[in-house]
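run.cif follows (mmCIF, C-alpha atoms):
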```cif
data_start
loop_
_atom_site.group_PDB
_atom_site.id
_atom_site.type_symbol
_atom_site.label_atom_id
_atom_site.label_comp_id
_atom_site.auth_asym_id
_atom_site.auth_seq_id
_atom_site.Cartn_x
_atom_site.Cartn_y
_atom_site.Cartn_z
ATOM 1 C CA MET A 27 0.000 0.000 0.000
ATOM 2 C CA LEU A 28 1.285 3.435 -0.916
ATOM 3 C CA ALA A 29 1.669 6.254 1.550
ATOM 4 C CA PRO A 30 -1.103 8.894 1.557
ATOM 5 C CA SER A 31 -1.012 11.376 -1.357
ATOM 6 C CA SER A 32 1.888 9.613 -2.984
ATOM 7 C CA TYR A 33 1.085 10.861 -6.479
ATOM 8 C CA LYS A 34 2.182 14.320 -7.524
ATOM 9 C CA PRO A 35 0.575 16.319 -10.324
ATOM 10 C CA GLY A 36 1.933 15.035 -13.625
ATOM 11 C CA SER A 37 2.448 11.449 -12.392
ATOM 12 C CA ALA A 38 1.461 8.760 -14.890
ATOM 13 C CA VAL A 39 -0.924 6.292 -13.270
ATOM 14 C CA ARG A 40 -2.800 3.200 -14.366
ATOM 15 C CA VAL A 41 -6.276 2.410 -13.055
ATOM 16 C CA ARG A 42 -6.280 -1.112 -11.638
ATOM 17 C CA ASP A 43 -7.937 -3.591 -13.983
ATOM 18 C CA ASP A 44 -10.039 -4.945 -11.141
ATOM 19 C CA TRP A 45 -13.721 -5.899 -11.190
ATOM 20 C CA PRO A 46 -15.020 -6.184 -7.608
ATOM 21 C CA GLU A 47 -18.568 -6.183 -8.969
ATOM 22 C CA ALA A 48 -17.841 -9.648 -10.403
ATOM 23 C CA ARG A 49 -17.063 -10.933 -6.894
ATOM 24 C CA GLY A 50 -20.189 -9.787 -5.064
ATOM 25 C CA PRO A 51 -22.100 -6.807 -3.717
ATOM 26 C CA CYS A 52 -20.022 -3.628 -3.691
ATOM 27 C CA HIS A 53 -20.154 0.128 -4.193
ATOM 28 C CA ILE A 54 -17.501 1.463 -6.568
ATOM 29 C CA ARG A 55 -16.839 5.048 -7.652
ATOM 30 C CA THR A 56 -14.361 4.044 -10.389
ATOM 31 C CA PRO A 57 -16.106 3.947 -13.783
ATOM 32 C CA HIS A 58 -15.792 0.634 -15.618
ATOM 33 C CA TYR A 59 -14.549 2.378 -18.764
ATOM 34 C CA LEU A 60 -11.326 3.392 -17.027
ATOM 35 C CA ARG A 61 -10.242 0.040 -15.594
ATOM 36 C CA GLY A 62 -6.768 -0.771 -16.928
ATOM 37 C CA ARG A 63 -6.402 2.673 -18.564
ATOM 38 C CA THR A 64 -3.443 4.999 -18.107
ATOM 39 C CA GLY A 65 -3.840 8.674 -17.221
ATOM 40 C CA ARG A 66 -2.058 11.611 -15.630
ATOM 41 C CA VAL A 67 -2.617 13.010 -12.150
ATOM 42 C CA VAL A 68 -3.801 16.618 -12.374
ATOM 43 C CA ARG A 69 -4.356 17.477 -8.723
ATOM 44 C CA HIS A 70 -4.852 16.022 -5.251
ATOM 45 C CA LEU A 71 -8.405 17.020 -4.294
ATOM 46 C CA GLY A 72 -8.202 16.111 -0.614
ATOM 47 C CA ASP A 73 -8.753 13.014 1.507
ATOM 48 C CA PHE A 74 -12.213 11.483 1.886
ATOM 49 C CA PRO A 75 -13.670 8.441 3.699
ATOM 50 C CA ASN A 76 -13.657 5.403 1.410
ATOM 51 C CA PRO A 77 -17.150 5.264 -0.174
ATOM 52 C CA GLU A 78 -16.732 1.533 -0.757
ATOM 53 C CA ASP A 79 -16.886 1.097 3.037
ATOM 54 C CA LEU A 80 -19.276 3.972 3.813
ATOM 55 C CA ALA A 81 -21.898 2.363 1.568
ATOM 56 C CA PHE A 82 -21.960 -0.666 3.853
ATOM 57 C CA ALA A 83 -21.674 1.282 7.129
ATOM 58 C CA ARG A 84 -18.182 -0.108 7.720
ATOM 59 C CA PRO A 85 -15.416 1.969 9.313
ATOM 60 C CA ALA A 86 -13.998 3.968 6.403
ATOM 61 C CA ALA A 87 -10.367 5.065 6.123
ATOM 62 C CA ARG A 88 -9.728 8.475 4.581
ATOM 63 C CA LEU A 89 -8.192 8.059 1.153
ATOM 64 C CA PRO A 90 -6.411 10.554 -1.086
ATOM 65 C CA LEU A 91 -8.671 11.552 -3.980
ATOM 66 C CA TYR A 92 -7.145 12.732 -7.249
ATOM 67 C CA HIS A 93 -8.300 14.410 -10.404
ATOM 68 C CA VAL A 94 -6.860 12.228 -13.149
ATOM 69 C CA ALA A 95 -6.912 13.156 -16.861
ATOM 70 C CA PHE A 96 -7.258 10.543 -19.591
ATOM 71 C CA THR A 97 -7.107 10.777 -23.370
ATOM 72 C CA PRO A 98 -10.626 9.801 -24.483
ATOM 73 C CA GLN A 99 -9.283 8.172 -27.670
ATOM 74 C CA SER A 100 -7.315 5.729 -25.498
ATOM 75 C CA VAL A 101 -10.666 4.541 -24.123
ATOM 76 C CA TRP A 102 -12.797 4.693 -27.283
ATOM 77 C CA PRO A 103 -11.133 5.049 -30.713
ATOM 78 C CA ASP A 104 -14.065 7.147 -31.938
ATOM 79 C CA ALA A 105 -14.188 9.427 -28.886
ATOM 80 C CA GLY A 106 -14.571 13.133 -29.605
ATOM 81 C CA GLY A 107 -13.308 15.108 -26.607
ATOM 82 C CA THR A 108 -9.796 16.270 -25.739
ATOM 83 C CA GLU A 109 -9.605 14.975 -22.185
ATOM 84 C CA LEU A 110 -11.606 13.078 -19.590
ATOM 85 C CA LEU A 111 -11.178 14.434 -16.070
ATOM 86 C CA VAL A 112 -12.189 11.944 -13.384
ATOM 87 C CA GLU A 113 -12.008 11.725 -9.570
ATOM 88 C CA LEU A 114 -10.250 8.532 -8.455
ATOM 89 C CA TYR A 115 -9.193 7.219 -5.036
ATOM 90 C CA GLU A 116 -5.571 6.275 -4.514
ATOM 91 C CA PRO A 117 -6.047 2.490 -3.976
ATOM 92 C CA TRP A 118 -7.415 2.275 -7.534
ATOM 93 C CA LEU A 119 -4.189 3.736 -8.979
ATOM 94 C CA GLU A 120 -0.793 2.219 -9.614
ATOM 95 C CA PRO A 121 2.324 3.863 -11.053
ATOM 96 C CA ALA A 122 2.456 3.612 -14.853
ATOM 97 C CA MET B 15 -42.014 -10.986 9.010
ATOM 98 C CA SER B 16 -44.079 -8.165 7.537
ATOM 99 C CA THR B 17 -45.391 -8.181 3.971
ATOM 100 C CA LEU B 18 -43.026 -5.319 3.081
ATOM 101 C CA LEU B 19 -39.955 -7.302 4.125
ATOM 102 C CA ARG B 20 -40.978 -10.269 1.977
ATOM 103 C CA THR B 21 -41.477 -8.067 -1.092
ATOM 104 C CA PRO B 22 -38.525 -7.655 -3.484
ATOM 105 C CA ILE B 23 -37.259 -4.155 -2.782
ATOM 106 C CA LEU B 24 -37.806 -2.740 -6.278
ATOM 107 C CA GLU B 25 -41.436 -3.879 -6.236
ATOM 108 C CA ALA B 26 -42.206 -2.411 -2.805
ATOM 109 C CA PRO B 27 -44.432 0.670 -2.751
ATOM 110 C CA GLY B 28 -42.190 3.746 -2.699
ATOM 111 C CA ASP B 29 -44.047 5.624 0.001
ATOM 112 C CA ARG B 30 -43.812 2.687 2.426
ATOM 113 C CA LEU B 31 -40.115 2.197 1.657
ATOM 114 C CA LEU B 32 -39.508 5.883 2.267
ATOM 115 C CA ALA B 33 -41.426 5.800 5.561
ATOM 116 C CA ALA B 34 -39.450 2.730 6.665
ATOM 117 C CA LEU B 35 -36.145 4.360 5.706
ATOM 118 C CA ARG B 36 -36.983 7.605 7.524
ATOM 119 C CA THR B 37 -37.929 5.638 10.645
ATOM 120 C CA LEU B 38 -34.695 3.645 10.549
ATOM 121 C CA LEU B 39 -32.556 6.754 9.993
ATOM 122 C CA ASP B 40 -34.157 8.316 13.069
ATOM 123 C CA GLN B 41 -34.014 5.200 15.263
ATOM 124 C CA LYS B 42 -30.368 4.562 14.421
ATOM 125 C CA GLY B 43 -29.472 8.177 15.177
ATOM 126 C CA ILE B 44 -28.298 8.875 11.617
ATOM 127 C CA ALA B 45 -30.730 11.688 10.719
ATOM 128 C CA THR B 46 -33.694 13.089 12.648
ATOM 129 C CA PRO B 47 -36.932 14.115 10.891
ATOM 130 C CA ASP B 48 -35.955 17.757 11.548
ATOM 131 C CA GLU B 49 -32.555 17.287 9.908
ATOM 132 C CA LEU B 50 -34.174 15.630 6.890
ATOM 133 C CA ALA B 51 -36.716 18.457 6.609
ATOM 134 C CA ALA B 52 -33.945 21.057 6.822
ATOM 135 C CA ARG B 53 -31.958 19.352 4.048
ATOM 136 C CA ILE B 54 -35.027 19.060 1.814
ATOM 137 C CA GLU B 55 -35.767 22.737 2.381
ATOM 138 C CA GLN B 56 -32.128 23.619 1.570
ATOM 139 C CA THR B 57 -32.319 21.709 -1.727
ATOM 140 C CA ASP B 58 -35.774 23.076 -2.601
ATOM 141 C CA ARG B 59 -34.488 26.617 -2.096
ATOM 142 C CA ALA B 60 -31.466 26.143 -4.371
ATOM 143 C CA SER B 61 -31.804 26.944 -8.077
ATOM 144 C CA PRO B 62 -29.612 27.854 -11.065
ATOM 145 C CA ALA B 63 -30.130 31.501 -10.093
ATOM 146 C CA GLY B 64 -27.628 30.944 -7.264
ATOM 147 C CA GLY B 65 -24.915 29.690 -9.597
ATOM 148 C CA ALA B 66 -25.736 32.435 -12.096
ATOM 149 C CA ARG B 67 -25.152 35.069 -9.394
ATOM 150 C CA MET B 68 -21.746 33.548 -8.672
ATOM 151 C CA VAL B 69 -20.818 33.503 -12.365
ATOM 152 C CA ALA B 70 -21.839 37.132 -12.905
ATOM 153 C CA ARG B 71 -19.892 38.223 -9.856
ATOM 154 C CA ALA B 72 -16.806 36.314 -11.052
ATOM 155 C CA TRP B 73 -17.082 38.128 -14.407
ATOM 156 C CA THR B 74 -17.042 41.526 -12.725
ATOM 157 C CA ASP B 75 -14.847 40.970 -9.654
ATOM 158 C CA PRO B 76 -11.358 39.450 -10.206
ATOM 159 C CA ALA B 77 -10.869 38.692 -6.492
ATOM 160 C CA TYR B 78 -14.180 36.808 -6.380
ATOM 161 C CA ARG B 79 -13.252 34.892 -9.552
ATOM 162 C CA GLU B 80 -10.017 33.830 -7.874
ATOM 163 C CA LEU B 81 -11.948 32.627 -4.795
ATOM 164 C CA LEU B 82 -14.513 30.815 -6.950
ATOM 165 C CA LEU B 83 -11.826 28.838 -8.779
ATOM 166 C CA ARG B 84 -9.906 28.103 -5.573
ATOM 167 C CA ASP B 85 -12.823 27.097 -3.318
ATOM 168 C CA GLY B 86 -16.300 26.981 -4.838
ATOM 169 C CA ALA B 87 -18.066 26.322 -1.535
ATOM 170 C CA GLN B 88 -16.485 29.372 0.097
ATOM 171 C CA ALA B 89 -17.428 31.446 -2.930
ATOM 172 C CA ALA B 90 -21.014 30.169 -2.679
ATOM 173 C CA GLU B 91 -21.146 31.115 1.014
ATOM 174 C CA ALA B 92 -19.804 34.563 0.092
ATOM 175 C CA ALA B 93 -22.759 34.854 -2.317
ATOM 176 C CA GLY B 94 -25.210 33.979 0.474
ATOM 177 C CA ILE B 95 -25.689 30.301 -0.457
ATOM 178 C CA HIS B 96 -25.455 27.926 2.487
ATOM 179 C CA MET B 97 -23.200 24.975 1.742
ATOM 180 C CA ARG B 98 -22.980 23.413 5.206
ATOM 181 C CA GLY B 99 -23.192 19.642 5.017
ATOM 182 C CA LEU B 100 -22.870 19.616 1.232
ATOM 183 C CA PRO B 101 -19.963 18.110 -0.720
ATOM 184 C CA PRO B 102 -17.067 20.386 -1.719
ATOM 185 C CA LEU B 103 -17.709 22.428 -4.852
ATOM 186 C CA GLY B 104 -15.115 22.667 -7.600
ATOM 187 C CA VAL B 105 -15.418 25.237 -10.376
ATOM 188 C CA LEU B 106 -13.764 24.775 -13.766
ATOM 189 C CA GLU B 107 -13.199 27.827 -15.934
ATOM 190 C CA ASN B 108 -13.894 27.804 -19.649
ATOM 191 C CA THR B 109 -11.129 29.593 -21.514
ATOM 192 C CA ALA B 110 -10.369 30.681 -25.071
ATOM 193 C CA ASP B 111 -9.102 27.176 -25.847
ATOM 194 C CA MET B 112 -10.760 24.815 -23.308
ATOM 195 C CA HIS B 113 -14.460 24.105 -22.801
ATOM 196 C CA HIS B 114 -15.713 21.971 -19.887
ATOM 197 C CA LEU B 115 -18.697 19.632 -19.892
ATOM 198 C CA VAL B 116 -19.887 18.054 -16.621
ATOM 199 C CA VAL B 117 -21.469 14.606 -16.395
ATOM 200 C CA CYS B 118 -21.897 11.911 -13.759
ATOM 201 C CA THR B 119 -21.635 8.577 -15.579
ATOM 202 C CA LEU B 120 -22.181 6.565 -12.391
ATOM 203 C CA CYS B 121 -25.361 8.237 -11.133
ATOM 204 C CA SER B 122 -26.447 11.871 -10.952
ATOM 205 C CA CYS B 123 -23.905 13.774 -8.816
ATOM 206 C CA TYR B 124 -24.747 17.441 -9.316
ATOM 207 C CA PRO B 125 -23.850 20.722 -7.591
ATOM 208 C CA ARG B 126 -27.322 20.968 -6.014
ATOM 209 C CA GLY B 127 -26.260 23.633 -3.522
ATOM 210 C CA VAL B 128 -25.682 26.151 -6.308
ATOM 211 C CA LEU B 129 -27.835 24.788 -9.176
ATOM 212 C CA GLY B 130 -30.746 23.044 -7.404
ATOM 213 C CA TYR B 131 -32.137 19.722 -8.570
ATOM 214 C CA PRO B 132 -30.485 18.221 -11.656
ATOM 215 C CA PRO B 133 -32.501 18.518 -14.879
ATOM 216 C CA PHE B 134 -34.067 15.225 -16.002
ATOM 217 C CA TRP B 135 -31.728 14.779 -18.963
ATOM 218 C CA PHE B 136 -28.638 15.049 -16.736
ATOM 219 C CA LYS B 137 -29.737 11.790 -15.096
ATOM 220 C CA SER B 138 -30.630 10.022 -18.350
ATOM 221 C CA PRO B 139 -28.524 7.003 -19.416
ATOM 222 C CA ALA B 140 -28.219 8.571 -22.896
ATOM 223 C CA TYR B 141 -26.591 11.802 -21.673
ATOM 224 C CA ARG B 142 -24.352 9.943 -19.233
ATOM 225 C CA ALA B 143 -23.128 7.507 -21.898
ATOM 226 C CA ARG B 144 -22.743 10.020 -24.717
ATOM 227 C CA ALA B 145 -21.207 13.002 -22.906
ATOM 228 C CA VAL B 146 -17.970 11.129 -22.203
ATOM 229 C CA ARG B 147 -17.672 9.576 -25.659
ATOM 230 C CA ASP B 148 -19.214 12.089 -28.043
ATOM 231 C CA PRO B 149 -19.269 15.487 -26.326
ATOM 232 C CA ARG B 150 -19.195 17.386 -29.623
ATOM 233 C CA GLY B 151 -22.256 15.474 -30.829
ATOM 234 C CA VAL B 152 -24.092 16.250 -27.579
ATOM 235 C CA LEU B 153 -23.186 19.948 -27.817
ATOM 236 C CA ALA B 154 -24.307 20.065 -31.451
ATOM 237 C CA GLU B 155 -27.734 18.732 -30.453
ATOM 238 C CA TRP B 156 -27.975 21.526 -27.893
ATOM 239 C CA GLY B 157 -27.270 23.959 -30.708
ATOM 240 C CA THR B 158 -23.967 24.886 -29.088
ATOM 241 C CA SER B 159 -21.239 25.773 -31.522
ATOM 242 C CA LEU B 160 -17.720 26.251 -30.223
ATOM 243 C CA PRO B 161 -14.940 28.126 -32.017
ATOM 244 C CA ASP B 162 -12.668 26.021 -34.239
ATOM 245 C CA GLY B 163 -9.861 24.412 -32.320
ATOM 246 C CA MET B 164 -11.677 24.600 -28.966
ATOM 247 C CA ARG B 165 -10.586 21.664 -26.810
ATOM 248 C CA ILE B 166 -13.190 19.867 -24.701
ATOM 249 C CA SER B 167 -12.614 18.514 -21.209
ATOM 250 C CA VAL B 168 -15.367 16.162 -20.054
ATOM 251 C CA VAL B 169 -15.553 16.124 -16.272
ATOM 252 C CA ASP B 170 -16.978 12.881 -14.879
ATOM 253 C CA SER B 171 -18.202 13.589 -11.310
ATOM 254 C CA THR B 172 -17.386 10.223 -9.820
ATOM 255 C CA ALA B 173 -16.673 10.943 -6.174
ATOM 256 C CA ASP B 174 -16.735 13.499 -3.373
ATOM 257 C CA TYR B 175 -16.621 16.739 -5.336
ATOM 258 C CA ARG B 176 -19.417 18.418 -7.238
ATOM 259 C CA TRP B 177 -18.429 20.393 -10.333
ATOM 260 C CA MET B 178 -19.712 23.577 -11.886
ATOM 261 C CA VAL B 179 -18.497 25.367 -15.014
ATOM 262 C CA LEU B 180 -17.544 29.035 -15.025
ATOM 263 C CA PRO B 181 -18.550 29.976 -18.582
ATOM 264 C CA ARG B 182 -16.875 32.686 -20.636
ATOM 265 C CA ARG B 183 -18.447 36.105 -20.531
ATOM 266 C CA PRO B 184 -20.070 36.715 -23.908
ATOM 267 C CA ALA B 185 -18.929 39.524 -26.147
ATOM 268 C CA GLY B 186 -21.215 42.536 -26.205
ATOM 269 C CA THR B 187 -21.784 42.605 -22.444
ATOM 270 C CA GLU B 188 -19.185 45.264 -21.693
ATOM 271 C CA GLY B 189 -20.469 47.638 -19.050
ATOM 272 C CA TRP B 190 -23.360 45.394 -17.985
ATOM 273 C CA ASP B 191 -23.982 45.337 -14.244
ATOM 274 C CA GLU B 192 -24.048 42.164 -12.150
ATOM 275 C CA ALA B 193 -27.858 41.831 -12.154
ATOM 276 C CA ARG B 194 -28.070 42.052 -15.928
ATOM 277 C CA LEU B 195 -25.241 39.545 -16.332
ATOM 278 C CA THR B 196 -26.891 37.175 -13.821
ATOM 279 C CA ALA B 197 -30.049 37.084 -15.923
ATOM 280 C CA LEU B 198 -27.981 35.971 -18.892
ATOM 281 C CA VAL B 199 -26.583 32.797 -17.307
ATOM 282 C CA ARG B 200 -28.607 29.612 -17.747
ATOM 283 C CA GLU B 201 -28.447 26.236 -16.042
ATOM 284 C CA GLY B 202 -26.871 24.560 -19.099
ATOM 285 C CA ASP B 203 -24.086 27.164 -19.235
ATOM 286 C CA MET B 204 -22.903 25.995 -15.807
ATOM 287 C CA ILE B 205 -22.990 22.320 -16.845
ATOM 288 C CA GLY B 206 -21.331 23.097 -20.161
ATOM 289 C CA VAL B 207 -24.007 21.921 -22.628
ATOM 290 C CA THR B 208 -24.620 25.528 -23.646
ATOM 291 C CA VAL B 209 -22.692 28.800 -23.545
ATOM 292 C CA PRO B 210 -24.092 32.177 -22.508
ATOM 293 C CA THR B 211 -25.205 34.376 -25.338
ATOM 294 C CA THR B 212 -26.793 37.796 -25.577
ATOM 295 C CA SER B 213 -29.131 36.715 -28.370
ATOM 296 C CA SER B 214 -31.441 34.277 -26.486
#
```
With the file now loaded, output its structure as structure tokens.
Amino acid sequence: MLAPSSYKPGSAVRVRDDWPEARGPCHIRTPHYLRGRTGRVVRHLGDFPNPEDLAFARPAARLPLYHVAFTPQSVWPDAGGTELLVELYEPWLEPA
Amino acid sequence: MSTLLRTPILEAPGDRLLAALRTLLDQKGIATPDELAARIEQTDRASPAGGARMVARAWTDPAYRELLLRDGAQAAEAAGIHMRGLPPLGVLENTADMHHLVVCTLCSCYPRGVLGYPPFWFKSPAYRARAVRDPRGVLAEWGTSLPDGMRISVVDSTADYRWMVLPRRPAGTEGWDEARLTALVREGDMIGVTVPTTSS
């Protein structure tokens, strides 16, 4: 596990290619279309209680939340925008 | 076991589910009826006019614009909008070469404190699926034309923040006062599906 706020703006990160929804009931704030995709950290937004635990009334650790930018064409070849800007929690990211 | 508990949850009557949920929230000490009523009143009171006031002030007051972009919730409070208990508000500024479009692909996260209830289309599966993949197509259907070479950043509200767009001040509004500018700003301008114009 990485230390809190370990990613600086500009860091290349990959979203874990993990599918907890295939293993059972869960609450995930990481869109499916980004799993396994590589992006760039734009900013650290602050630390927030893990929604994956909050949703089940479990004790929730505060996790660093980042704004991460992706190239839409790396997700969909026919995508039309310039960037996708998405909030992601640190445990979903790995260095790329 | 009561009839309600044996009924699959999606088939249960909504009013009974709501009553059961409100009772449980109270009994478990999570939210009292008074707290729920206060939050409903807070949301009912909010409307796009609040966000429009903030936008117009940012167009006319550089210090307020700086605050708005640094801490949207503080800027809302400074405009008389109560943000206590609401998620943090981030504001993204449209510039001469970057346009922002806000969506929540996972559900319907929306800056309710400053814009009120989300419009029905914001919650529709079609908008949520298309905004991230084909933002130019979505904007075209809104009749929104952007200058050539304008880049588009699609902001997917996936987590704890709520996002609002600070649109560009339209040409031809030089010398307008804050009230006149406020009347110009529409809900869609602060989501990014439209841009403010003096001709509507």
For atom CA of Glu107 of chain B and atom CA of Met178 of chain B, the interatomic separation in Å (one decimal):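 Atom-to-atom, atom CA of Glu107 of chain B and atom CA of Met178 of chain B are spaced 8.8 Å apart.
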Just the residues within 7 Å of segment 67-83 of chain B, please, counting all atoms listed in the file, with nothing from its chain fewer than 3 positions along; format it as a list in words. Ala63, Gly64, Gly86, Ala89, Ala90, Ala93, Val105, Leu106, Leu180, Arg183, Glu192, Leu195 and Thr196 of chain B
May I have the residues within 6 Å of segment 134-149 of chain B as a list in words, using all atoms listed in the file and disregarding those fewer than 6 positions away in the same chain? Ala105, Gly106 and Gly107 of chain A; Thr119 and Ser122 of chain B
Would you pick out the contacts of Pro77 of chain A at 8 Å or less, using only C-alpha atoms, so that residues sharing its chain but fewer than 6 positions from it are not included, and give the list as a list in words? His53, Ile54, Arg55 and Ala86 of chain A
Residue subset to file, keeping C-alpha atoms, as a compact mmCIF listing (two decimals), keeping the file's coordinate frame:
```
# COMPACT_ATOMS: atom_id res chain seq x y z
CA HIS A 53 -20.15 0.13 -4.19
CA ILE A 54 -17.50 1.46 -6.57
CA ARG A 55 -16.84 5.05 -7.65
CA ALA A 86 -14.00 3.97 6.40
```
Proximity to Arg165 of chain B - best of B:Ile95, B:Leu115, B:Ile44, B:Ala52, only C-alpha atoms: B:Leu115
Carefully work through the PyMOL selection byres ((chain B) within 10 of (chain A)) for this structure and note down the residues it includes, as a VMD selection string. chain B and resid 102 104 112 to 116 118 to 121 144 to 151 164 to 175
Work out how far atom CA of Asp43 of chain A is from atom CA of Arg63 of chain A, in Å to one decimal.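 Separation of atom CA of Arg63 of chain A and atom CA of Asp43 of chain A: 7.9 Å.
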In Å, rounded to a single decimal, give me how far atom CA of Ala185 of chain B is from atom CA of Thr212 of chain B. 8.1 Å
Counting all atoms listed in the file, find the residues whose atoms lie at most 9 Å from (-27.3, 29.1, -9.3) (file coordinates) and write them out as a PyMOL selection string. chain B and resi 60-69+126-130+199-201+204
Any chance you could export the current selection's C-alpha atoms as an mmCIF file, in the coordinates of the input?
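Saved file part.cif follows:
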```cif
data_model
loop_
_atom_site.group_PDB
_atom_site.id
_atom_site.type_symbol
_atom_site.label_atom_id
_atom_site.label_comp_id
_atom_site.auth_asym_id
_atom_site.auth_seq_id
_atom_site.Cartn_x
_atom_site.Cartn_y
_atom_site.Cartn_z
ATOM 1 C CA ALA B 60 -31.466 26.143 -4.371
ATOM 2 C CA SER B 61 -31.804 26.944 -8.077
ATOM 3 C CA PRO B 62 -29.612 27.854 -11.065
ATOM 4 C CA ALA B 63 -30.130 31.501 -10.093
ATOM 5 C CA GLY B 64 -27.628 30.944 -7.264
ATOM 6 C CA GLY B 65 -24.915 29.690 -9.597
ATOM 7 C CA ALA B 66 -25.736 32.435 -12.096
ATOM 8 C CA ARG B 67 -25.152 35.069 -9.394
ATOM 9 C CA MET B 68 -21.746 33.548 -8.672
ATOM 10 C CA VAL B 69 -20.818 33.503 -12.365
ATOM 11 C CA ARG B 126 -27.322 20.968 -6.014
ATOM 12 C CA GLY B 127 -26.260 23.633 -3.522
ATOM 13 C CA VAL B 128 -25.682 26.151 -6.308
ATOM 14 C CA LEU B 129 -27.835 24.788 -9.176
ATOM 15 C CA GLY B 130 -30.746 23.044 -7.404
ATOM 16 C CA VAL B 199 -26.583 32.797 -17.307
ATOM 17 C CA ARG B 200 -28.607 29.612 -17.747
ATOM 18 C CA GLU B 201 -28.447 26.236 -16.042
ATOM 19 C CA MET B 204 -22.903 25.995 -15.807
#
```
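For the set A:Trp118, A:Ala87, A:Ser32, A:Arg69, the residue with the smallest atom-to-atom gap to Trp45 of chain A is A:Trp118, counting only C-alpha atoms.
What the PyMOL selection byres ((chain A and resi 122) around 10) grabs from this file is A:Ser37, A:Ala38, A:Val39, A:Arg40, A:Val41, A:Arg63, A:Thr64, A:Gly65, A:Arg66, A:Leu119, A:Glu120, A:Pro121.
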Selection in question (the file shown): the PyMOL selection byres ((chain B and resi 157) around 12). Which residues does it include, as a PyMOL selection string? chain B and resi 150-156+158-160+202+207-209+211+214
Ranking B:Cys123, B:Ala26, B:Asp203, B:Gln56 by minimum distance to Arg98 of chain B and counting all atoms listed in the file, which one comes first?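 Comparing B:Cys123, B:Ala26, B:Asp203, B:Gln56 against Arg98 of chain B, the winner is B:Gln56.
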Spatial neighbours of Leu50 of chain B, max dist 12 Å, all atoms listed in the file, sep filter under 3 positions, as a PyMOL selection string: chain B and resi 35-37+39-40+44-47+53-57+99
Axis-aligned box for segment 24-35 of chain B, 3 Å per side, centre and edges in Å as JSON:
```
{"center_x": -40.3, "center_y": 1.0, "center_z": 0.2, "size_x": 14.3, "size_y": 15.8, "size_z": 18.9}
```
Please complete segment 39-51 of chain A with N, CA and C atoms and give it back as a PDB file, keeping the file's coordinate frame.
```
ATOM      1  N   VAL A  39      -0.325   7.335 -14.113  1.00  0.00           N
ATOM      2  CA  VAL A  39      -0.924   6.292 -13.270  1.00  0.00           C
ATOM      3  C   VAL A  39      -1.807   5.384 -14.135  1.00  0.00           C
ATOM      4  N   ARG A  40      -1.893   4.128 -13.707  1.00  0.00           N
ATOM      5  CA  ARG A  40      -2.800   3.200 -14.366  1.00  0.00           C
ATOM      6  C   ARG A  40      -3.919   2.862 -13.384  1.00  0.00           C
ATOM      7  N   VAL A  41      -5.150   2.824 -13.890  1.00  0.00           N
ATOM      8  CA  VAL A  41      -6.276   2.410 -13.055  1.00  0.00           C
ATOM      9  C   VAL A  41      -6.253   0.891 -12.982  1.00  0.00           C
ATOM     10  N   ARG A  42      -6.336   0.350 -11.792  1.00  0.00           N
ATOM     11  CA  ARG A  42      -6.280  -1.112 -11.638  1.00  0.00           C
ATOM     12  C   ARG A  42      -7.369  -1.773 -12.490  1.00  0.00           C
ATOM     13  N   ASP A  43      -6.991  -2.851 -13.136  1.00  0.00           N
ATOM     14  CA  ASP A  43      -7.937  -3.591 -13.983  1.00  0.00           C
ATOM     15  C   ASP A  43      -8.626  -4.614 -13.083  1.00  0.00           C
ATOM     16  N   ASP A  44      -9.416  -4.098 -12.170  1.00  0.00           N
ATOM     17  CA  ASP A  44     -10.039  -4.945 -11.141  1.00  0.00           C
ATOM     18  C   ASP A  44     -11.552  -4.802 -11.247  1.00  0.00           C
ATOM     19  N   TRP A  45     -12.266  -5.883 -11.009  1.00  0.00           N
ATOM     20  CA  TRP A  45     -13.721  -5.899 -11.190  1.00  0.00           C
ATOM     21  C   TRP A  45     -14.405  -6.466  -9.949  1.00  0.00           C
ATOM     22  N   PRO A  46     -14.400  -5.688  -8.856  1.00  0.00           N
ATOM     23  CA  PRO A  46     -15.020  -6.184  -7.608  1.00  0.00           C
ATOM     24  C   PRO A  46     -16.483  -6.554  -7.800  1.00  0.00           C
ATOM     25  N   GLU A  47     -17.150  -5.888  -8.764  1.00  0.00           N
ATOM     26  CA  GLU A  47     -18.568  -6.183  -8.969  1.00  0.00           C
ATOM     27  C   GLU A  47     -18.788  -7.610  -9.449  1.00  0.00           C
ATOM     28  N   ALA A  48     -17.712  -8.256  -9.963  1.00  0.00           N
ATOM     29  CA  ALA A  48     -17.841  -9.648 -10.403  1.00  0.00           C
ATOM     30  C   ALA A  48     -17.736 -10.602  -9.215  1.00  0.00           C
ATOM     31  N   ARG A  49     -17.277 -10.061  -8.055  1.00  0.00           N
ATOM     32  CA  ARG A  49     -17.063 -10.933  -6.894  1.00  0.00           C
ATOM     33  C   ARG A  49     -18.196 -10.853  -5.882  1.00  0.00           C
ATOM     34  N   GLY A  50     -19.090  -9.887  -6.025  1.00  0.00           N
ATOM     35  CA  GLY A  50     -20.189  -9.787  -5.064  1.00  0.00           C
ATOM     36  C   GLY A  50     -20.640  -8.366  -4.886  1.00  0.00           C
ATOM     37  N   PRO A  51     -21.551  -8.150  -3.916  1.00  0.00           N
ATOM     38  CA  PRO A  51     -22.100  -6.807  -3.717  1.00  0.00           C
ATOM     39  C   PRO A  51     -20.991  -5.804  -3.366  1.00  0.00           C
TER      40      PRO A  51
END
```
